[in-house]
Amino acid sequence: MTYLNDLNEEQRKAVEHVDGPMMVIAGAGSGKTRVLTYRIAHLIELGADPFSILSLTFTNKAAREMKDRIGHIVGDREAKNIWMGTFHSVFARILRIECELLNYPREFTIYDTADSRSLLKAVIKELGHDEKVYKPASIHARISGAKNNLISPQDYLEDPDIQSEDRSAGRPATGEIYLAYNTRCFRAGAMDFDDILFNMNVLLRDYPAVLLKYQHRFRYVLVDEYQDTNFAQYLIIKKLSAAHENICVVGDDAQSIYSFRGANIQNILNFKSDYPDFALYKLEQNYRSTQNIVNAANSVIEKNRDQIRKTVWTDNPAGERIAVHKAASDNDEGIFVAQTIFEIKNVQKIFNGDFAILYRTNAQSRSFEEALRKLNIPYRIYGGQSFYQRKEIKDLLAYFRLTANPRDEEALKRVINYPTRGIGKTTIDKLIVGAEQHGVSLWELIDKPTTYPSGLGAAITNKLSDFATMILSFRAMLETKNAFDLAHYIAQHSGILKDLYADRSPEGVARYQNIEELLNGIREFSEPDPQAPEESVKTLSDFMVDVALLTDADQEDGDEDKVSMMTIHSAKGLEFPYVFIVGLEENLFPSQMALNSREELEEERRLFYVALTRAKSRAFLSYATTRFRWGQPVFNDSSRFIAEVASEFLDRKDLVGPGKRSSGFGGFRQERQQFIKSGTAWSGSSGSSEKSIDSSVSPADFQAIQPGVEVMHERFGKGKVLGIEGQDENKKATIFFPSAGQKQLLLRFAKLTLV
DNA sequence: TGGAATGATGTTTTT
DNA sequence: CATCATTCCA
C-alpha cells in the first residue's frame, strides 16, 4: 500500500476511512480527486468487491479518468467493474434493467434538450397556447425544476402555491402543458434528462424489492461534486446508501455553480442532519497553483456572504502576478490572447495543451478561433455545438433511434420526410391528431392503419406504409447484425448517404465526412473487446444506450497537442498551467441575468473563483471595451470581479495609458485607438500592423477595390466591380456575379478577395 | 409539397 | 449577425 505515502495527513485519514458516513470538504486544487480515487483503490485492496462500489461523478470524462487512475493501482480488470459514471448514465443503466416495472420499453429513448424543446413546442401549439407567452425554453426550465424536486404533473396541478406562481407569471397553463408533455414522452417510450432522476426515484419509492436489491449491491457509495447535486439526486443517494450507510461525499461549496439547474448547497447541510455522527475531513492545502493565484482567488471568494469558511493555502512558489489586459474589441482580445500564447511558447518550451481559454458563454469562442487560426495554433473547443448535435448526425441517429424504438416521436418526426418522400406537414399534423384521439404513439398509426384509421388518402397511406416497411426491415436486423453493419446499412438504405453526397458544397462535404466519422466511431465500438472476445455481438441498440448522454467532452481527445477553449462551467475539475479568463465585462461576466439578486451574483463570483483556480502557474484576465452583440457594438465597463481581486496580486497593465508602456507580456502593440475614433466599428480583421494571413480585404485595402477589378466572394464566387459609392466604413460596391447577378455589398462586411 | 426568399428573434451556464 | 420560422410561389 505504498500509494498511501502520496497523501498528506488529512487526505490519508479520508482515504483510510472505510465504514460509516463521511464528508470531504475540499478546497480547489487540494487533491479531492486523488482522495476519491485512492479511497476506492484502497477499498478494493482491502477486499471490497468492485461491483459493490457505486461512484457518481458529474461528467463522463471525470468518471473515465478516475477509473483509469484506479486501474493503475489495482489493475484495469478490477477497475472495470466499479459502478462508475455520471448520475445520468448510471441510473439510465439501472433503468434499462428495471424499466418494465415502470412500463417503459427496454429500448426507451433518452430525449436530449433539443428533443424536449421540440416536443414542448408541439404540445404548446396543439393545446392552442401562444408560443410567445409559453416559450418552450422557459417552460422547459420550469418543468425541469419541478422534476428535480420530484413534483409530478399531478402534484404540480394540485399545488396551490405553484399554481398561483404560474398565474402571476401570466402562464397559468404551465401545469397542463407539463402533464401533456409527460404523457407524450411516456407514449413515445422516452425519458428526458430529468426523467432519469425522477423515474429512478419512483423505482426506489414504489418497488421495495428493487430498493433492497440495490441497497445491498452498493456497499459503498461515493459522490463527487456533492455541492452540485439537486434534490432528486440527493434522495437517490440517500436511499441507496441507507442499508450500509457507507456514504462518502466530496465537495466544495465555493465551487457550486449549478444552482440554475437545481443544485442545492442545502444538501451539504442536510448531510449533517441525516448522519449526525458523520466524519468530516477538510482539505485545505492547495497543490495546484502558485501563491499569487491561490491568494487572489481567496481575496475574491471572501466577498461572498454564503459560504463555509475555510482557509485554502499553498506551499508552492509565489509565482507571477495575474496580468490584466484591456482590449479595444472582442477581435483584439482574440488577437491578444493568441499572440500571448504564441510568444510564451517561443520563449519557454511548452505545449499548446498547457493553455486554456475560459469564457462565460459559448458564443465568445469565435474571436479566439479566428486569431489562433491566423497564427496556426491548433485549438480544440469543448462544449458548444457538440458533434452529436449537428443536424446530419442527429438525422442519422434518429433513424437508429427509430429502429430501436419506433415509438420515439421526435425521431419519427425528424426523419419521416428526410430524405423527402412526399410526406408533408399536413399529413403529420393529421397523424398527431389521430394519435391523440386513440391515445397511442404516431408509430401505431403508421404501422397499423386499419386498427387506427386516420382518414388519410390512399396515396399518402401507401407512402407511410413504405416508410414503415423500411423501418421494420431495419428492425429485423437489430439483434442479428452488429452495430456497424446495421448502421451502415441504414445510412445507405434510408437515402441519407446519397442525399448528403449529392451536396458538393464545402459544407455538404463536411456533413458527409461527419457521417463517416460517426460510422467509424460505431465501427470501433463494434469491434470485439480483445479482453473479452467471448462477449456477444455489440448491436446497434447497445450503441444507442448512452449516446444521448454523451457530450463533446467525451469524444476521444486524440493525441494532438491543442489549446483548450471552453466555458468556465465545463472547465470545472480541470487544470492548466496557463489560463486566460476572457470577456471580464459587466453584463457578460457577471452575466446580465445574474444582477438581480445577491444569490445569483454570488454564484457568478464562485464561477470566477472556479476559473481562477484552474490555473497552475499563470493566469491572465482580459476584457474588451467594445464587443459585438447581434451585429451591434456594445460598450461595457470592466468586470467588478477584476476590482475585487486584492491589488497586490494583480499586474494591471490595463490601467497604464496607451503608448506609455506597451511591453505587454513580452512585447505588445499598443491599444488600437483608431478603432474607437471612427465611432462605428467594423467586423473582420482588425486593421493593425499584422497583415491578415488570408488575403481578405482589410479596411486599408478598400481602395484597391475599383470599378473594373475582378473579385472573389465567399458565397457568390467570382465577380466584376461595376461601381463604388460611399466613404470609409460605408463604402459600397456594385458587383456583377455571373452566378448570382448584380449585388450591392458593403465592403466592411463582404469578405472580398482580389483575383 | 418543396424550395427559395424574407422577416423576427435571440446569448447564460449542462447532464 | 446568425439562425430559425413563416410566407409565398412553382
# chains A, B, ... in the order shown; residues from 1 in each chain; ligands from 1
>>> interface_residues(of="chain A", to="chain B", cutoff="10 Å", atoms="only C-alpha atoms (C1' of nucleotides)", output="ChimeraX atom specification")
/A:58-60,86-89,112-113,193-194,257-261,360-364,383,420-426,548-551,567-570,588-594,604,607,629-630
>>> write_last_selection(atoms="N, CA and C atoms", output="short mmCIF file (atom, residue, chain, number, x, y, z; two decimals), in the first residue's frame")
data_model
loop_
_atom_site.label_atom_id
_atom_site.label_comp_id
_atom_site.auth_asym_id
_atom_site.auth_seq_id
_atom_site.Cartn_x
_atom_site.Cartn_y
_atom_site.Cartn_z
N PHE A 58 -19.73 13.98 -12.05
CA PHE A 58 -20.52 14.98 -12.73
C PHE A 58 -20.42 14.86 -14.24
N THR A 59 -19.26 14.49 -14.73
CA THR A 59 -19.09 14.32 -16.17
C THR A 59 -18.56 12.93 -16.47
N ASN A 60 -18.81 12.48 -17.67
CA ASN A 60 -18.29 11.19 -18.10
C ASN A 60 -16.77 11.19 -18.08
N THR A 86 -21.66 9.13 -14.50
CA THR A 86 -22.47 10.27 -14.08
C THR A 86 -23.77 9.75 -13.49
N PHE A 87 -24.43 10.58 -12.74
CA PHE A 87 -25.75 10.23 -12.22
C PHE A 87 -26.61 9.72 -13.36
N HIS A 88 -26.59 10.48 -14.43
CA HIS A 88 -27.50 10.14 -15.52
C HIS A 88 -27.14 8.82 -16.17
N SER A 89 -25.87 8.59 -16.39
CA SER A 89 -25.53 7.36 -17.12
C SER A 89 -25.71 6.12 -16.23
N ASP A 112 -32.85 14.37 -25.60
CA ASP A 112 -31.95 15.44 -25.17
C ASP A 112 -32.72 16.76 -25.13
N THR A 113 -32.01 17.83 -24.78
CA THR A 113 -32.68 19.11 -24.60
C THR A 113 -33.44 19.53 -25.86
N PHE A 193 -33.85 14.08 -19.71
CA PHE A 193 -32.76 14.01 -18.73
C PHE A 193 -33.30 13.96 -17.31
N ASP A 194 -34.28 14.80 -17.04
CA ASP A 194 -34.78 14.88 -15.68
C ASP A 194 -35.60 13.65 -15.30
N ILE A 257 -21.72 25.90 -8.80
CA ILE A 257 -22.03 26.79 -9.92
C ILE A 257 -23.20 26.29 -10.75
N TYR A 258 -24.00 25.40 -10.18
CA TYR A 258 -25.10 24.86 -10.97
C TYR A 258 -26.45 25.04 -10.29
N SER A 259 -26.60 26.10 -9.52
CA SER A 259 -27.89 26.24 -8.84
C SER A 259 -29.00 26.49 -9.86
N PHE A 260 -28.66 27.03 -11.01
CA PHE A 260 -29.70 27.23 -12.03
C PHE A 260 -30.26 25.90 -12.50
N ARG A 261 -29.56 24.84 -12.19
CA ARG A 261 -30.06 23.53 -12.59
C ARG A 261 -30.63 22.79 -11.40
N ARG A 360 -17.32 32.97 -20.36
CA ARG A 360 -18.60 32.80 -19.70
C ARG A 360 -19.63 32.14 -20.61
N THR A 361 -19.66 32.54 -21.88
CA THR A 361 -20.66 32.00 -22.80
C THR A 361 -20.00 31.39 -24.03
N ASN A 362 -20.59 30.37 -24.53
CA ASN A 362 -20.05 29.68 -25.71
C ASN A 362 -19.86 30.61 -26.90
N ALA A 363 -20.75 31.60 -27.00
CA ALA A 363 -20.70 32.48 -28.18
C ALA A 363 -19.40 33.26 -28.28
N GLN A 364 -18.64 33.32 -27.19
CA GLN A 364 -17.42 34.11 -27.21
C GLN A 364 -16.26 33.43 -27.91
N GLY A 383 -17.53 21.54 -25.66
CA GLY A 383 -18.89 22.02 -25.48
C GLY A 383 -19.35 22.77 -26.71
N THR A 420 -36.61 13.52 -48.53
CA THR A 420 -38.01 13.76 -48.87
C THR A 420 -38.65 12.54 -49.53
N ARG A 421 -39.81 12.20 -48.99
CA ARG A 421 -40.58 11.14 -49.62
C ARG A 421 -42.05 11.51 -49.70
N GLY A 422 -42.31 12.80 -49.83
CA GLY A 422 -43.68 13.25 -50.08
C GLY A 422 -44.62 13.14 -48.91
N ILE A 423 -44.07 13.17 -47.69
CA ILE A 423 -44.94 13.16 -46.51
C ILE A 423 -44.79 14.51 -45.83
N GLY A 424 -45.74 15.36 -46.03
CA GLY A 424 -45.57 16.76 -45.60
C GLY A 424 -46.17 17.06 -44.25
N LYS A 425 -46.16 18.34 -43.97
CA LYS A 425 -46.58 18.82 -42.66
C LYS A 425 -48.04 18.48 -42.37
N THR A 426 -48.88 18.67 -43.39
CA THR A 426 -50.31 18.41 -43.21
C THR A 426 -50.55 16.98 -42.76
N ALA A 548 -27.25 9.65 -26.08
CA ALA A 548 -27.89 10.91 -25.69
C ALA A 548 -27.17 11.54 -24.51
N LEU A 549 -26.44 10.75 -23.76
CA LEU A 549 -25.78 11.27 -22.57
C LEU A 549 -24.34 11.67 -22.84
N LEU A 550 -23.91 11.42 -24.05
CA LEU A 550 -22.54 11.79 -24.39
C LEU A 550 -22.48 13.27 -24.72
N THR A 551 -21.40 13.88 -24.39
CA THR A 551 -21.22 15.26 -24.79
C THR A 551 -19.91 15.35 -25.53
N THR A 567 -16.25 26.90 -21.83
CA THR A 567 -16.87 27.75 -20.82
C THR A 567 -16.28 27.37 -19.47
N ILE A 568 -16.42 28.29 -18.54
CA ILE A 568 -15.90 28.02 -17.21
C ILE A 568 -16.63 26.83 -16.60
N HIS A 569 -17.92 26.74 -16.89
CA HIS A 569 -18.67 25.61 -16.35
C HIS A 569 -18.04 24.28 -16.77
N SER A 570 -17.67 24.18 -18.01
CA SER A 570 -17.13 22.88 -18.41
C SER A 570 -15.67 22.72 -18.01
N LEU A 588 -21.58 40.69 -18.87
CA LEU A 588 -21.21 39.45 -19.55
C LEU A 588 -20.72 38.48 -18.48
N PHE A 589 -19.84 38.95 -17.66
CA PHE A 589 -19.33 38.17 -16.54
C PHE A 589 -19.00 39.14 -15.41
N PRO A 590 -19.87 39.38 -14.48
CA PRO A 590 -21.12 38.68 -14.21
C PRO A 590 -22.15 38.90 -15.32
N SER A 591 -22.90 37.86 -15.57
CA SER A 591 -23.92 37.92 -16.60
C SER A 591 -25.02 38.90 -16.21
N GLN A 592 -25.55 39.52 -17.23
CA GLN A 592 -26.64 40.46 -17.04
C GLN A 592 -27.81 39.81 -16.29
N MET A 593 -28.00 38.53 -16.57
CA MET A 593 -29.13 37.83 -15.98
C MET A 593 -28.94 37.61 -14.47
N ALA A 594 -27.72 37.82 -14.00
CA ALA A 594 -27.44 37.45 -12.61
C ALA A 594 -27.31 38.67 -11.72
N GLU A 604 -22.09 33.82 -9.60
CA GLU A 604 -21.15 34.30 -10.62
C GLU A 604 -19.75 34.44 -10.02
N LEU A 607 -18.17 31.27 -9.77
CA LEU A 607 -17.74 30.88 -11.11
C LEU A 607 -16.38 31.49 -11.43
N ARG A 629 -22.46 42.37 -30.42
CA ARG A 629 -23.55 41.54 -29.96
C ARG A 629 -24.67 41.73 -30.95
N TRP A 630 -25.11 40.70 -31.56
CA TRP A 630 -26.13 40.78 -32.60
C TRP A 630 -25.75 41.79 -33.66
#
>>> interface_residues(of="chain C", to="chain A", cutoff="12 Å", atoms="only C-alpha atoms (C1' of nucleotides)", output="list in words")
DC1, DA2 and DT3 of chain C
>>> select_by_dssp(residues="segment 120-348 of chain A", states="helix (DSSP H, G or I)", output="PyMOL selection string")
chain A and resi 120-126+136-148+153-158+160-168+174-187+193-206+208-217+226-228+231-240+253-255+259-261+266-274+291-301+330-347
>>> select_by_dssp(residues="segment 145-226 of chain A", states="strand (DSSP E)", output="JSON, numbers by chain")
{"A": [190, 191, 192, 220, 221, 222, 223]}
>>> atom_distance(atom1="atom CA of Arg93 of chain A", atom2="atom CA of Ile236 of chain A")
14.4 Å
